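File shown: work_35.cif (mmCIF, C-alpha atoms).
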data_model
loop_
_atom_site.label_atom_id
_atom_site.label_comp_id
_atom_site.auth_asym_id
_atom_site.auth_seq_id
_atom_site.Cartn_x
_atom_site.Cartn_y
_atom_site.Cartn_z
CA MET A 1 0.00 0.00 0.00
CA PHE A 2 1.22 3.47 -0.91
CA ASP A 3 1.00 6.48 1.34
CA MET A 4 -0.03 8.61 -1.60
CA ILE A 5 -1.57 7.83 -4.99
CA ILE A 6 -1.34 10.79 -7.36
CA ILE A 7 -3.50 10.84 -10.48
CA GLY A 8 -1.84 12.98 -13.13
CA ALA A 9 1.79 13.82 -13.93
CA GLY A 10 1.37 17.49 -14.75
CA THR A 11 2.78 20.36 -12.72
CA ALA A 12 0.43 19.81 -9.77
CA GLY A 13 0.88 16.05 -9.66
CA LEU A 14 4.66 16.03 -9.98
CA THR A 15 5.02 18.83 -7.43
CA ALA A 16 2.87 16.81 -5.02
CA ALA A 17 5.12 13.81 -5.64
CA ILE A 18 8.25 15.81 -4.86
CA TYR A 19 6.79 17.18 -1.62
CA GLY A 20 5.45 13.78 -0.61
CA LEU A 21 8.74 12.01 -1.23
CA ARG A 22 10.71 14.67 0.61
CA ALA A 23 8.40 14.07 3.57
CA GLY A 24 9.35 10.39 3.55
CA LEU A 25 6.09 9.10 2.06
CA SER A 26 5.75 6.33 -0.51
CA VAL A 27 4.31 7.72 -3.73
CA VAL A 28 2.98 6.38 -7.02
CA VAL A 29 1.99 8.70 -9.88
CA LEU A 30 -0.49 7.49 -12.51
CA GLU A 31 -0.53 9.23 -15.90
CA GLU A 32 -2.58 8.17 -18.91
CA PHE A 33 -0.71 10.14 -21.56
CA ILE A 34 2.57 12.07 -21.17
CA TYR A 35 4.13 13.84 -18.22
CA GLY A 36 4.08 17.63 -18.07
CA GLY A 37 0.38 18.22 -18.70
CA GLN A 38 -0.93 21.16 -20.72
CA ILE A 39 2.23 23.21 -20.20
CA ALA A 40 4.14 20.83 -22.47
CA ASN A 41 2.30 22.43 -25.41
CA THR A 42 3.33 25.99 -24.53
CA PRO A 43 6.30 27.29 -26.55
CA ASP A 44 7.51 29.82 -23.98
CA VAL A 45 6.91 30.19 -20.25
CA GLU A 46 7.84 33.66 -19.00
CA ASN A 47 5.68 34.12 -15.90
CA TYR A 48 6.99 31.44 -13.55
CA PRO A 49 8.82 33.06 -10.61
CA GLY A 50 12.57 32.56 -10.68
CA ILE A 51 12.68 31.33 -14.27
CA GLU A 52 12.94 34.16 -16.77
CA LYS A 53 12.11 32.02 -19.80
CA ILE A 54 11.75 28.31 -20.54
CA SER A 55 9.78 26.22 -22.99
CA GLY A 56 6.82 24.33 -21.59
CA ALA A 57 8.31 21.05 -22.77
CA ASP A 58 11.62 21.74 -21.01
CA PHE A 59 9.78 22.75 -17.83
CA GLY A 60 7.85 19.48 -17.86
CA ILE A 61 11.00 17.43 -18.48
CA THR A 62 12.85 19.17 -15.65
CA LEU A 63 9.97 18.60 -13.24
CA TYR A 64 9.67 14.96 -14.26
CA GLU A 65 13.39 14.34 -13.80
CA GLN A 66 13.31 16.06 -10.41
CA ALA A 67 10.47 13.82 -9.23
CA LYS A 68 12.30 10.73 -10.52
CA LYS A 69 15.46 11.85 -8.72
CA TYR A 70 13.59 11.78 -5.42
CA GLY A 71 12.32 8.29 -6.19
CA ALA A 72 8.87 8.82 -7.66
CA LEU A 73 7.30 5.70 -9.13
CA ILE A 74 5.56 6.95 -12.28
CA LYS A 75 3.26 4.57 -14.12
CA PHE A 76 1.81 5.45 -17.53
CA GLU A 77 -1.59 3.91 -16.95
CA GLY A 78 -5.06 5.37 -17.35
CA VAL A 79 -7.43 5.32 -14.36
CA LYS A 80 -10.54 3.24 -15.03
CA ASN A 81 -12.22 2.92 -11.63
CA ILE A 82 -11.95 4.36 -8.13
CA LYS A 83 -13.07 3.57 -4.57
CA LEU A 84 -12.17 6.54 -2.41
CA THR A 85 -14.31 6.27 0.71
CA GLY A 86 -12.86 4.51 3.73
CA GLN A 87 -9.29 4.48 5.05
CA VAL A 88 -7.98 2.32 2.21
CA LYS A 89 -8.39 3.99 -1.19
CA GLU A 90 -8.37 1.95 -4.40
CA VAL A 91 -7.48 3.26 -7.84
CA SER A 92 -7.75 0.78 -10.70
CA THR A 93 -6.06 1.20 -14.09
CA ASN A 94 -6.17 -0.91 -17.23
CA LYS A 95 -3.30 -2.95 -15.73
CA THR A 96 -3.74 -3.26 -11.97
CA THR A 97 -5.31 -1.87 -8.79
CA TYR A 98 -3.36 0.38 -6.45
CA GLN A 99 -4.18 0.84 -2.79
CA GLY A 100 -3.29 3.97 -0.86
CA LYS A 101 -3.87 5.87 2.35
CA THR A 102 -4.48 9.10 0.43
CA VAL A 103 -5.28 10.13 -3.14
CA ILE A 104 -4.40 13.39 -4.87
CA ILE A 105 -6.41 14.03 -8.03
CA ALA A 106 -4.30 16.19 -10.34
CA ASN A 107 -5.62 15.13 -13.72
CA GLY A 108 -5.82 18.68 -15.08
CA ALA A 109 -8.33 19.57 -17.77
CA LYS A 110 -8.72 18.77 -21.45
CA ARG A 111 -9.11 20.98 -24.49
CA ARG A 112 -12.65 22.20 -25.16
CA LYS A 113 -14.00 21.55 -28.66
CA LEU A 114 -15.89 23.87 -31.00
CA GLY A 115 -18.78 21.55 -31.72
CA CYS A 116 -19.11 22.77 -35.30
CA LYS A 117 -19.78 20.75 -38.45
CA GLY A 118 -16.65 19.04 -39.75
CA GLU A 119 -14.60 19.34 -36.56
CA GLU A 120 -14.66 15.65 -35.66
CA GLU A 121 -14.39 14.53 -39.27
CA PHE A 122 -11.19 16.49 -39.88
CA SER A 123 -9.60 16.03 -36.46
CA GLY A 124 -6.00 15.08 -37.18
CA ARG A 125 -6.49 16.00 -40.83
CA GLY A 126 -6.23 19.75 -40.49
CA VAL A 127 -8.05 20.30 -37.19
CA SER A 128 -5.60 20.49 -34.29
CA TYR A 129 -5.73 21.35 -30.61
CA CYS A 130 -2.00 21.98 -30.26
CA ALA A 131 -0.36 24.67 -32.37
CA THR A 132 3.11 23.97 -31.03
CA CYS A 133 2.71 20.28 -31.84
CA ASP A 134 1.39 20.63 -35.39
CA GLY A 135 2.18 24.20 -36.48
CA ALA A 136 5.34 23.21 -38.36
CA PHE A 137 3.24 21.24 -40.86
CA TYR A 138 1.62 24.48 -42.06
CA LYS A 139 4.69 26.49 -43.04
CA GLY A 140 3.80 28.96 -45.79
CA LYS A 141 0.09 28.10 -45.55
CA GLU A 142 -3.03 29.93 -44.39
CA VAL A 143 -4.66 28.81 -41.14
CA VAL A 144 -7.33 29.69 -38.58
CA ILE A 145 -6.87 29.88 -34.82
CA VAL A 146 -10.03 30.02 -32.69
CA GLY A 147 -10.09 31.62 -29.24
CA GLY A 148 -9.46 34.80 -27.30
CA GLY A 149 -7.42 33.87 -24.23
CA ASN A 150 -3.68 33.76 -23.64
CA THR A 151 -3.30 30.34 -25.23
CA ALA A 152 -5.08 31.36 -28.44
CA VAL A 153 -3.06 34.56 -28.80
CA GLU A 154 0.21 32.79 -28.03
CA ASP A 155 -0.68 30.13 -30.59
CA ALA A 156 -1.50 32.79 -33.19
CA LEU A 157 1.85 34.50 -32.67
CA PHE A 158 3.63 31.16 -32.87
CA LEU A 159 1.85 30.20 -36.08
CA ALA A 160 2.48 33.61 -37.63
CA ASN A 161 6.22 32.92 -37.54
CA ASN A 162 5.83 30.21 -40.18
CA CYS A 163 2.40 30.56 -41.77
CA GLN A 164 1.65 32.89 -44.66
CA LYS A 165 -1.50 34.18 -42.97
CA VAL A 166 -3.25 33.52 -39.65
CA HIS A 167 -6.95 34.26 -39.11
CA VAL A 168 -7.87 34.73 -35.45
CA VAL A 169 -11.56 34.00 -34.87
CA HIS A 170 -12.95 35.26 -31.57
CA ARG A 171 -16.59 35.26 -30.50
CA ARG A 172 -16.29 38.53 -28.54
CA ASP A 173 -15.29 42.09 -29.43
CA SER A 174 -12.22 42.11 -27.17
CA PHE A 175 -9.63 39.59 -26.01
CA ARG A 176 -9.29 38.04 -22.57
CA ALA A 177 -5.56 37.62 -23.10
CA SER A 178 -2.99 39.85 -21.39
CA GLN A 179 -2.53 43.24 -23.01
CA VAL A 180 1.11 42.68 -23.92
CA LEU A 181 0.11 39.62 -25.96
CA VAL A 182 -2.81 41.44 -27.60
CA ASP A 183 -0.53 44.32 -28.59
CA SER A 184 1.89 41.85 -30.18
CA LEU A 185 -1.00 40.17 -32.00
CA LYS A 186 -2.28 43.43 -33.49
CA ALA A 187 1.22 44.41 -34.59
CA ARG A 188 1.71 41.36 -36.79
CA GLU A 189 0.95 42.11 -40.43
CA ASN A 190 0.08 38.53 -41.38
CA ILE A 191 -2.54 38.13 -38.62
CA ILE A 192 -6.17 39.00 -39.40
CA ILE A 193 -8.61 39.31 -36.50
CA HIS A 194 -12.27 38.38 -36.90
CA TYR A 195 -14.17 39.76 -33.89
CA ASP A 196 -17.68 38.65 -32.86
CA SER A 197 -17.32 35.54 -34.98
CA VAL A 198 -17.42 31.76 -34.72
CA VAL A 199 -16.42 28.88 -36.97
CA GLU A 200 -19.64 27.44 -38.34
CA GLU A 201 -18.27 24.73 -40.62
CA ILE A 202 -14.99 23.07 -41.57
CA SER A 203 -14.78 21.25 -44.89
CA GLY A 204 -12.48 19.75 -47.49
CA THR A 205 -11.78 16.46 -49.24
CA LYS A 206 -8.97 14.46 -47.66
CA SER A 207 -7.94 17.30 -45.36
CA VAL A 208 -9.12 20.77 -44.35
CA GLU A 209 -9.52 23.16 -47.27
CA ARG A 210 -12.15 25.64 -46.12
CA ALA A 211 -13.74 27.16 -43.06
CA ILE A 212 -16.94 29.17 -42.89
CA ILE A 213 -16.99 31.80 -40.16
CA LYS A 214 -20.15 33.55 -39.06
CA ASN A 215 -20.40 37.06 -37.63
CA LEU A 216 -22.66 36.91 -34.59
CA LYS A 217 -23.78 40.52 -34.86
CA ASP A 218 -24.91 40.71 -38.49
CA ASN A 219 -25.13 36.94 -39.30
CA THR A 220 -22.91 37.33 -42.36
CA ALA A 221 -20.87 34.30 -43.39
CA THR A 222 -17.37 34.36 -44.81
CA GLU A 223 -15.64 31.43 -46.47
CA LEU A 224 -11.90 31.19 -45.89
CA THR A 225 -9.62 29.05 -48.01
CA ILE A 226 -7.26 27.59 -45.45
CA SER A 227 -5.26 24.45 -44.69
CA GLY A 228 -5.71 24.14 -40.96
CA VAL A 229 -7.90 25.06 -38.00
CA PHE A 230 -6.31 25.31 -34.55
CA VAL A 231 -8.71 25.25 -31.61
CA ALA A 232 -7.81 27.12 -28.40
CA VAL A 233 -11.13 27.87 -26.72
CA GLY A 234 -10.23 26.85 -23.21
CA LEU A 235 -10.29 23.79 -21.05
CA GLU A 236 -12.90 21.56 -19.47
CA PRO A 237 -12.47 19.02 -16.67
CA ASP A 238 -12.71 15.27 -17.18
CA ASN A 239 -14.02 14.28 -13.77
CA SER A 240 -17.04 12.08 -14.54
CA ILE A 241 -15.28 9.05 -13.06
CA TYR A 242 -15.21 10.76 -9.65
CA GLN A 243 -18.75 12.14 -9.50
CA SER A 244 -20.19 9.17 -7.61
CA GLU A 245 -18.00 9.97 -4.59
CA ILE A 246 -16.51 13.45 -5.07
CA LEU A 247 -18.55 16.67 -5.17
CA LEU A 248 -18.26 18.57 -8.45
CA ASP A 249 -19.44 22.08 -9.29
CA LYS A 250 -21.88 22.84 -12.12
CA ASN A 251 -19.00 22.98 -14.62
CA GLY A 252 -17.59 19.63 -13.59
CA TYR A 253 -14.63 20.88 -11.54
CA ILE A 254 -13.89 19.17 -8.22
CA GLN A 255 -15.09 21.22 -5.27
CA ALA A 256 -11.97 21.91 -3.21
CA GLY A 257 -10.69 25.10 -1.60
CA GLU A 258 -7.19 26.45 -1.06
CA ASN A 259 -6.43 23.52 1.25
CA CYS A 260 -7.20 21.22 -1.68
CA LYS A 261 -9.47 19.03 0.48
CA THR A 262 -12.46 17.35 -1.17
CA ASN A 263 -15.58 16.14 0.62
CA VAL A 264 -13.94 12.72 1.11
CA GLU A 265 -11.40 12.34 3.92
CA GLY A 266 -7.92 11.67 2.60
CA VAL A 267 -8.73 12.75 -0.97
CA TYR A 268 -7.40 16.01 -2.41
CA ALA A 269 -7.69 17.90 -5.70
CA ALA A 270 -4.80 19.94 -7.08
CA GLY A 271 -4.33 22.09 -10.15
CA ASP A 272 -6.72 22.80 -13.02
CA THR A 273 -9.12 20.03 -12.01
CA ARG A 274 -10.40 21.88 -8.92
CA THR A 275 -12.59 24.95 -8.44
CA LYS A 276 -10.42 28.07 -8.55
CA THR A 277 -10.27 31.54 -10.07
CA LEU A 278 -6.80 31.33 -11.61
CA ARG A 279 -5.44 28.34 -13.50
CA GLN A 280 -1.76 28.95 -14.11
CA LEU A 281 1.49 27.04 -13.80
CA VAL A 282 2.34 28.71 -10.51
CA THR A 283 -1.05 27.93 -8.94
CA ALA A 284 -0.81 24.29 -10.05
CA ALA A 285 2.59 23.99 -8.36
CA ALA A 286 1.22 25.63 -5.22
CA ASP A 287 -1.74 23.24 -5.17
CA GLY A 288 0.58 20.26 -5.50
CA ALA A 289 2.62 21.38 -2.50
CA VAL A 290 -0.49 22.10 -0.39
CA ALA A 291 -2.18 18.81 -1.30
CA ALA A 292 0.92 16.79 -0.40
CA PHE A 293 1.27 18.67 2.89
CA GLU A 294 -2.38 18.05 3.79
CA ALA A 295 -2.11 14.39 2.78
CA GLY A 296 0.94 14.00 5.02
CA ASN A 297 -0.93 15.53 7.94
CA TYR A 298 -3.85 13.19 7.35
CA ILE A 299 -1.55 10.15 7.39
CA ASN A 300 0.10 11.34 10.58
CA GLN A 301 -3.32 11.71 12.23
CA MET A 302 -4.24 8.18 11.10
CA GLN A 303 -1.11 6.82 12.78
CA ILE A 304 -1.83 8.70 16.00
CA GLN A 305 -5.37 7.32 16.10
CA ALA A 306 -4.14 3.82 15.40
#

Please express what this file holds, its structure, as structure tokens.
Amino acid sequence: MFDMIIIGAGTAGLTAAIYGLRAGLSVVVLEEFIYGGQIANTPDVENYPGIEKISGADFGITLYEQAKKYGALIKFEGVKNIKLTGQVKEVSTNKTTYQGKTVIIANGAKRRKLGCKGEEEFSGRGVSYCATCDGAFYKGKEVVIVGGGNTAVEDALFLANNCQKVHVVHRRDSFRASQVLVDSLKARENIIIHYDSVVEEISGTKSVERAIIKNLKDNTATELTISGVFVAVGLEPDNSIYQSEILLDKNGYIQAGENCKTNVEGVYAAGDTRTKTLRQLVTAAADGAVAAFEAGNYINQMQIQA
């Protein structure tokens, strides 16, 4: 039995592992995909205290190696079932069942989809959810990026370095992104901004060739001849597996405050998966540290009672 089972090897999960291991606890980290989480797709990180600039991929690698150095057992297995009530927690994957005294849920959030015609059909054939992963395939071509937050604007700037033209489609009349990014976006000559607009349809033959965007104010439609559509319209949690035991809010995020405690004793939520006002790299790291600290306290109390 492990002292701590951590679900997710992103910033929150790996930070929790480091803090747990340094406290002398036995830790296993379960990750379905790749370590690093969403930050691995960010080309440049410039707002993490103490690090002036680093790529998201390098940040994730460094964090992973640090956790491994302290002895983290990291298993690349997807969680299929959970039993979290009671003193012994059980987390089952497609390979085995792990038992633990505490569980830290740090599974992050997944990319939100547009829901428009053609999106599913052309996913992987011109529709992408990671500009830094797939942007190089569109050098010299014309593409669309959908969204208005920091990620969308960062992706647009990244794509503009290689693409002939980048159309930014945003459903509002102003951006939610930081002003310094918006100023950079507006200064780029090969970026065209379509305010108050949404992508209504994506089409083509074998791959994406066209996108129809609709203006929400006057209902006019514009057909763009493009080769790719990059979606950056935010994140959504993937917490349905926990809803039978863990309280979720109306948007599906785990209800947990700054102490990262859920409604179940010995179960904590850290990072983007929990209810919070700011989802950033630094807050994910802070959550991981807090969750591990609280889990350690819980284990100590269990031992005292025993």

Written as a list of chain:residue names, which residues does the PyMOL selection byres ((chain A and resi 196) around 9) give for the file shown? A:Val169, A:His170, A:Arg171, A:Arg172, A:Asp173, A:Ser174, A:His194, A:Tyr195, A:Ser197, A:Val198, A:Lys214, A:Asn215, A:Leu216, A:Lys217

Region 42-135 of chain A residues near region 139-157 of chain A within 10 Å, closest pair each, using all atoms listed in the file, as JSON lines:
{"residue": "A:Thr42", "atom": "CA", "partner": "A:Thr151", "partner_atom": "CA", "distance": 8.0}
{"residue": "A:Pro43", "atom": "CA", "partner": "A:Glu154", "partner_atom": "CA", "distance": 8.3}
{"residue": "A:Asp44", "atom": "CA", "partner": "A:Glu154", "partner_atom": "CA", "distance": 8.9}
{"residue": "A:Leu114", "atom": "CA", "partner": "A:Val146", "partner_atom": "CA", "distance": 8.7}
{"residue": "A:Gly126", "atom": "CA", "partner": "A:Val143", "partner_atom": "CA", "distance": 9.2}
{"residue": "A:Val127", "atom": "CA", "partner": "A:Val144", "partner_atom": "CA", "distance": 9.5}
{"residue": "A:Ser128", "atom": "CA", "partner": "A:Ile145", "partner_atom": "CA", "distance": 9.5}
{"residue": "A:Tyr129", "atom": "CA", "partner": "A:Ile145", "partner_atom": "CA", "distance": 9.6}
{"residue": "A:Cys130", "atom": "CA", "partner": "A:Asp155", "partner_atom": "CA", "distance": 8.3}
{"residue": "A:Ala131", "atom": "CA", "partner": "A:Asp155", "partner_atom": "CA", "distance": 5.8}
{"residue": "A:Thr132", "atom": "CA", "partner": "A:Asp155", "partner_atom": "CA", "distance": 7.2}
{"residue": "A:Gly135", "atom": "CA", "partner": "A:Lys139", "partner_atom": "CA", "distance": 7.4}

Selection dump of the PyMOL selection byres ((chain A and resi 237) around 7), as JSON, numbers by chain: {"A": [108, 109, 110, 235, 236, 238, 239, 252, 253, 273]}

Dump C-alpha atoms for the selected residues as a PDB file, keeping the file's coordinate frame?
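Final output, saved to again08.pdb:
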ATOM      1  CA  GLY A 108      -5.820  18.680 -15.080  1.00  0.00           C
ATOM      2  CA  ALA A 109      -8.330  19.570 -17.770  1.00  0.00           C
ATOM      3  CA  LYS A 110      -8.720  18.770 -21.450  1.00  0.00           C
ATOM      4  CA  LEU A 235     -10.290  23.790 -21.050  1.00  0.00           C
ATOM      5  CA  GLU A 236     -12.900  21.560 -19.470  1.00  0.00           C
ATOM      6  CA  ASP A 238     -12.710  15.270 -17.180  1.00  0.00           C
ATOM      7  CA  ASN A 239     -14.020  14.280 -13.770  1.00  0.00           C
ATOM      8  CA  GLY A 252     -17.590  19.630 -13.590  1.00  0.00           C
ATOM      9  CA  TYR A 253     -14.630  20.880 -11.540  1.00  0.00           C
ATOM     10  CA  THR A 273      -9.120  20.030 -12.010  1.00  0.00           C
TER      11      THR A 273
END

Nearest residue to Asp3 (chain A) out of A:Asp272, A:Glu90, A:Asp287, A:Asp218, using only C-alpha atoms?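 Closest candidate: A:Glu90.
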
Enumerate, in order of chain and increasing residue number, the residues of region 162-271 of chain A with an atom no farther than 8 Å from region 82-85 of chain A, each with its shortest atom pair and distance in Å to one decimal, counting all atoms listed in the file, as CSV.
residue,atom,partner,partner_atom,distance
A:Ile241,CA,A:Ile82,CA,7.6
A:Tyr242,CA,A:Ile82,CA,7.3
A:Glu245,CA,A:Leu84,CA,7.1
A:Val264,CA,A:Thr85,CA,6.5
A:Glu265,CA,A:Thr85,CA,7.5
A:Val267,CA,A:Leu84,CA,7.2

Explicit residues for the PyMOL selection byres ((chain A and resi 1) around 7) (as a PyMOL selection string): chain A and resi 2-3+99-100

For CA of Cys163 (chain A) and CA of Lys117 (chain A), the interatomic separation in Å (one decimal): 24.5 Å

Nearest residue to Ile51 (chain A) out of A:Leu281, A:Ala291, A:Leu159, A:Ile193, using only C-alpha atoms? A:Leu281

Polymer residues at most 10 Å from region 47-49 of chain A, all atoms listed in the file, same-chain spacing of 4 or more positions, as a list in words: Lys53, Ile54, Gln280, Leu281, Val282 and Thr283 of chain A

Separation of CA of Ile104 (chain A) from CA of Thr262 (chain A) in Å: 9.7 Å

Among listed residues A:Ala12, A:Ile299, A:Val182, A:Ile212, nearest Gly60 (chain A) (using all atoms listed in the file):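 Smallest separation from Gly60 (chain A) among the options: A:Ala12.
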
Ranking A:Thr11, A:Asn161, A:Gln243, A:Thr102 by minimum distance to Asn297 (chain A) and counting all atoms listed in the file, which one comes first? A:Thr102

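In this model, the gap between CA of Tyr64 (chain A) and CA of Ser240 (chain A) comes to 26.9 Å.
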
Just the residues within 10 Å of region 292-296 of chain A, please, counting all atoms listed in the file, with nothing from its chain fewer than 4 positions along; format it as JSON, numbers by chain. {"A": [3, 4, 6, 12, 13, 15, 16, 17, 18, 19, 20, 21, 23, 24, 25, 101, 102, 103, 104, 259, 260, 261, 265, 266, 267, 268, 270, 287, 288, 300, 301, 302]}

For each of A:Ala40, A:Ala232, A:Val290, A:Ile226, take the minimum atom-to-atom distance to Leu63 (chain A), counting all atoms listed in the file, then give the residue where this is smallest. A:Ala40

Just save region 175-195 of chain A with N, CA and C atoms, as a PDB file, in the first residue's frame.
ATOM      1  N   PHE A 175     -10.318  40.798 -26.452  1.00  0.00           N
ATOM      2  CA  PHE A 175      -9.626  39.586 -26.014  1.00  0.00           C
ATOM      3  C   PHE A 175      -9.543  39.497 -24.489  1.00  0.00           C
ATOM      4  N   ARG A 176      -9.513  38.272 -23.990  1.00  0.00           N
ATOM      5  CA  ARG A 176      -9.295  38.043 -22.565  1.00  0.00           C
ATOM      6  C   ARG A 176      -7.808  37.926 -22.250  1.00  0.00           C
ATOM      7  N   ALA A 177      -6.997  37.808 -23.280  1.00  0.00           N
ATOM      8  CA  ALA A 177      -5.558  37.623 -23.097  1.00  0.00           C
ATOM      9  C   ALA A 177      -4.920  38.878 -22.503  1.00  0.00           C
ATOM     10  N   SER A 178      -3.712  38.720 -21.968  1.00  0.00           N
ATOM     11  CA  SER A 178      -2.992  39.854 -21.392  1.00  0.00           C
ATOM     12  C   SER A 178      -2.703  40.896 -22.469  1.00  0.00           C
ATOM     13  N   GLN A 179      -2.652  42.140 -22.059  1.00  0.00           N
ATOM     14  CA  GLN A 179      -2.533  43.241 -23.008  1.00  0.00           C
ATOM     15  C   GLN A 179      -1.241  43.176 -23.815  1.00  0.00           C
ATOM     16  N   VAL A 180      -0.159  42.741 -23.191  1.00  0.00           N
ATOM     17  CA  VAL A 180       1.113  42.683 -23.921  1.00  0.00           C
ATOM     18  C   VAL A 180       1.024  41.691 -25.074  1.00  0.00           C
ATOM     19  N   LEU A 181       0.288  40.594 -24.877  1.00  0.00           N
ATOM     20  CA  LEU A 181       0.106  39.625 -25.959  1.00  0.00           C
ATOM     21  C   LEU A 181      -0.811  40.175 -27.044  1.00  0.00           C
ATOM     22  N   VAL A 182      -1.880  40.855 -26.637  1.00  0.00           N
ATOM     23  CA  VAL A 182      -2.815  41.440 -27.602  1.00  0.00           C
ATOM     24  C   VAL A 182      -2.120  42.493 -28.458  1.00  0.00           C
ATOM     25  N   ASP A 183      -1.274  43.303 -27.838  1.00  0.00           N
ATOM     26  CA  ASP A 183      -0.525  44.317 -28.585  1.00  0.00           C
ATOM     27  C   ASP A 183       0.381  43.666 -29.618  1.00  0.00           C
ATOM     28  N   SER A 184       1.026  42.573 -29.239  1.00  0.00           N
ATOM     29  CA  SER A 184       1.890  41.850 -30.176  1.00  0.00           C
ATOM     30  C   SER A 184       1.079  41.261 -31.325  1.00  0.00           C
ATOM     31  N   LEU A 185      -0.113  40.756 -30.988  1.00  0.00           N
ATOM     32  CA  LEU A 185      -0.998  40.170 -32.004  1.00  0.00           C
ATOM     33  C   LEU A 185      -1.392  41.213 -33.046  1.00  0.00           C
ATOM     34  N   LYS A 186      -1.822  42.372 -32.580  1.00  0.00           N
ATOM     35  CA  LYS A 186      -2.276  43.426 -33.485  1.00  0.00           C
ATOM     36  C   LYS A 186      -1.144  44.015 -34.328  1.00  0.00           C
ATOM     37  N   ALA A 187       0.076  43.847 -33.867  1.00  0.00           N
ATOM     38  CA  ALA A 187       1.222  44.413 -34.589  1.00  0.00           C
ATOM     39  C   ALA A 187       1.703  43.528 -35.733  1.00  0.00           C
ATOM     40  N   ARG A 188       1.238  42.286 -35.755  1.00  0.00           N
ATOM     41  CA  ARG A 188       1.713  41.357 -36.789  1.00  0.00           C
ATOM     42  C   ARG A 188       0.912  41.542 -38.065  1.00  0.00           C
ATOM     43  N   GLU A 189       1.601  41.797 -39.160  1.00  0.00           N
ATOM     44  CA  GLU A 189       0.952  42.107 -40.433  1.00  0.00           C
ATOM     45  C   GLU A 189       0.245  40.906 -41.049  1.00  0.00           C
ATOM     46  N   ASN A 190       0.692  39.710 -40.753  1.00  0.00           N
ATOM     47  CA  ASN A 190       0.077  38.525 -41.376  1.00  0.00           C
ATOM     48  C   ASN A 190      -0.984  37.873 -40.486  1.00  0.00           C
ATOM     49  N   ILE A 191      -1.450  38.614 -39.473  1.00  0.00           N
ATOM     50  CA  ILE A 191      -2.538  38.130 -38.621  1.00  0.00           C
ATOM     51  C   ILE A 191      -3.782  38.984 -38.860  1.00  0.00           C
ATOM     52  N   ILE A 192      -4.888  38.317 -39.184  1.00  0.00           N
ATOM     53  CA  ILE A 192      -6.167  39.000 -39.402  1.00  0.00           C
ATOM     54  C   ILE A 192      -7.120  38.588 -38.278  1.00  0.00           C
ATOM     55  N   ILE A 193      -7.718  39.570 -37.629  1.00  0.00           N
ATOM     56  CA  ILE A 193      -8.610  39.306 -36.497  1.00  0.00           C
ATOM     57  C   ILE A 193     -10.066  39.417 -36.932  1.00  0.00           C
ATOM     58  N   HIS A 194     -10.839  38.398 -36.610  1.00  0.00           N
ATOM     59  CA  HIS A 194     -12.275  38.385 -36.899  1.00  0.00           C
ATOM     60  C   HIS A 194     -13.022  38.413 -35.554  1.00  0.00           C
ATOM     61  N   TYR A 195     -13.441  39.603 -35.151  1.00  0.00           N
ATOM     62  CA  TYR A 195     -14.166  39.756 -33.891  1.00  0.00           C
ATOM     63  C   TYR A 195     -15.614  39.292 -34.032  1.00  0.00           C
TER      64      TYR A 195
END
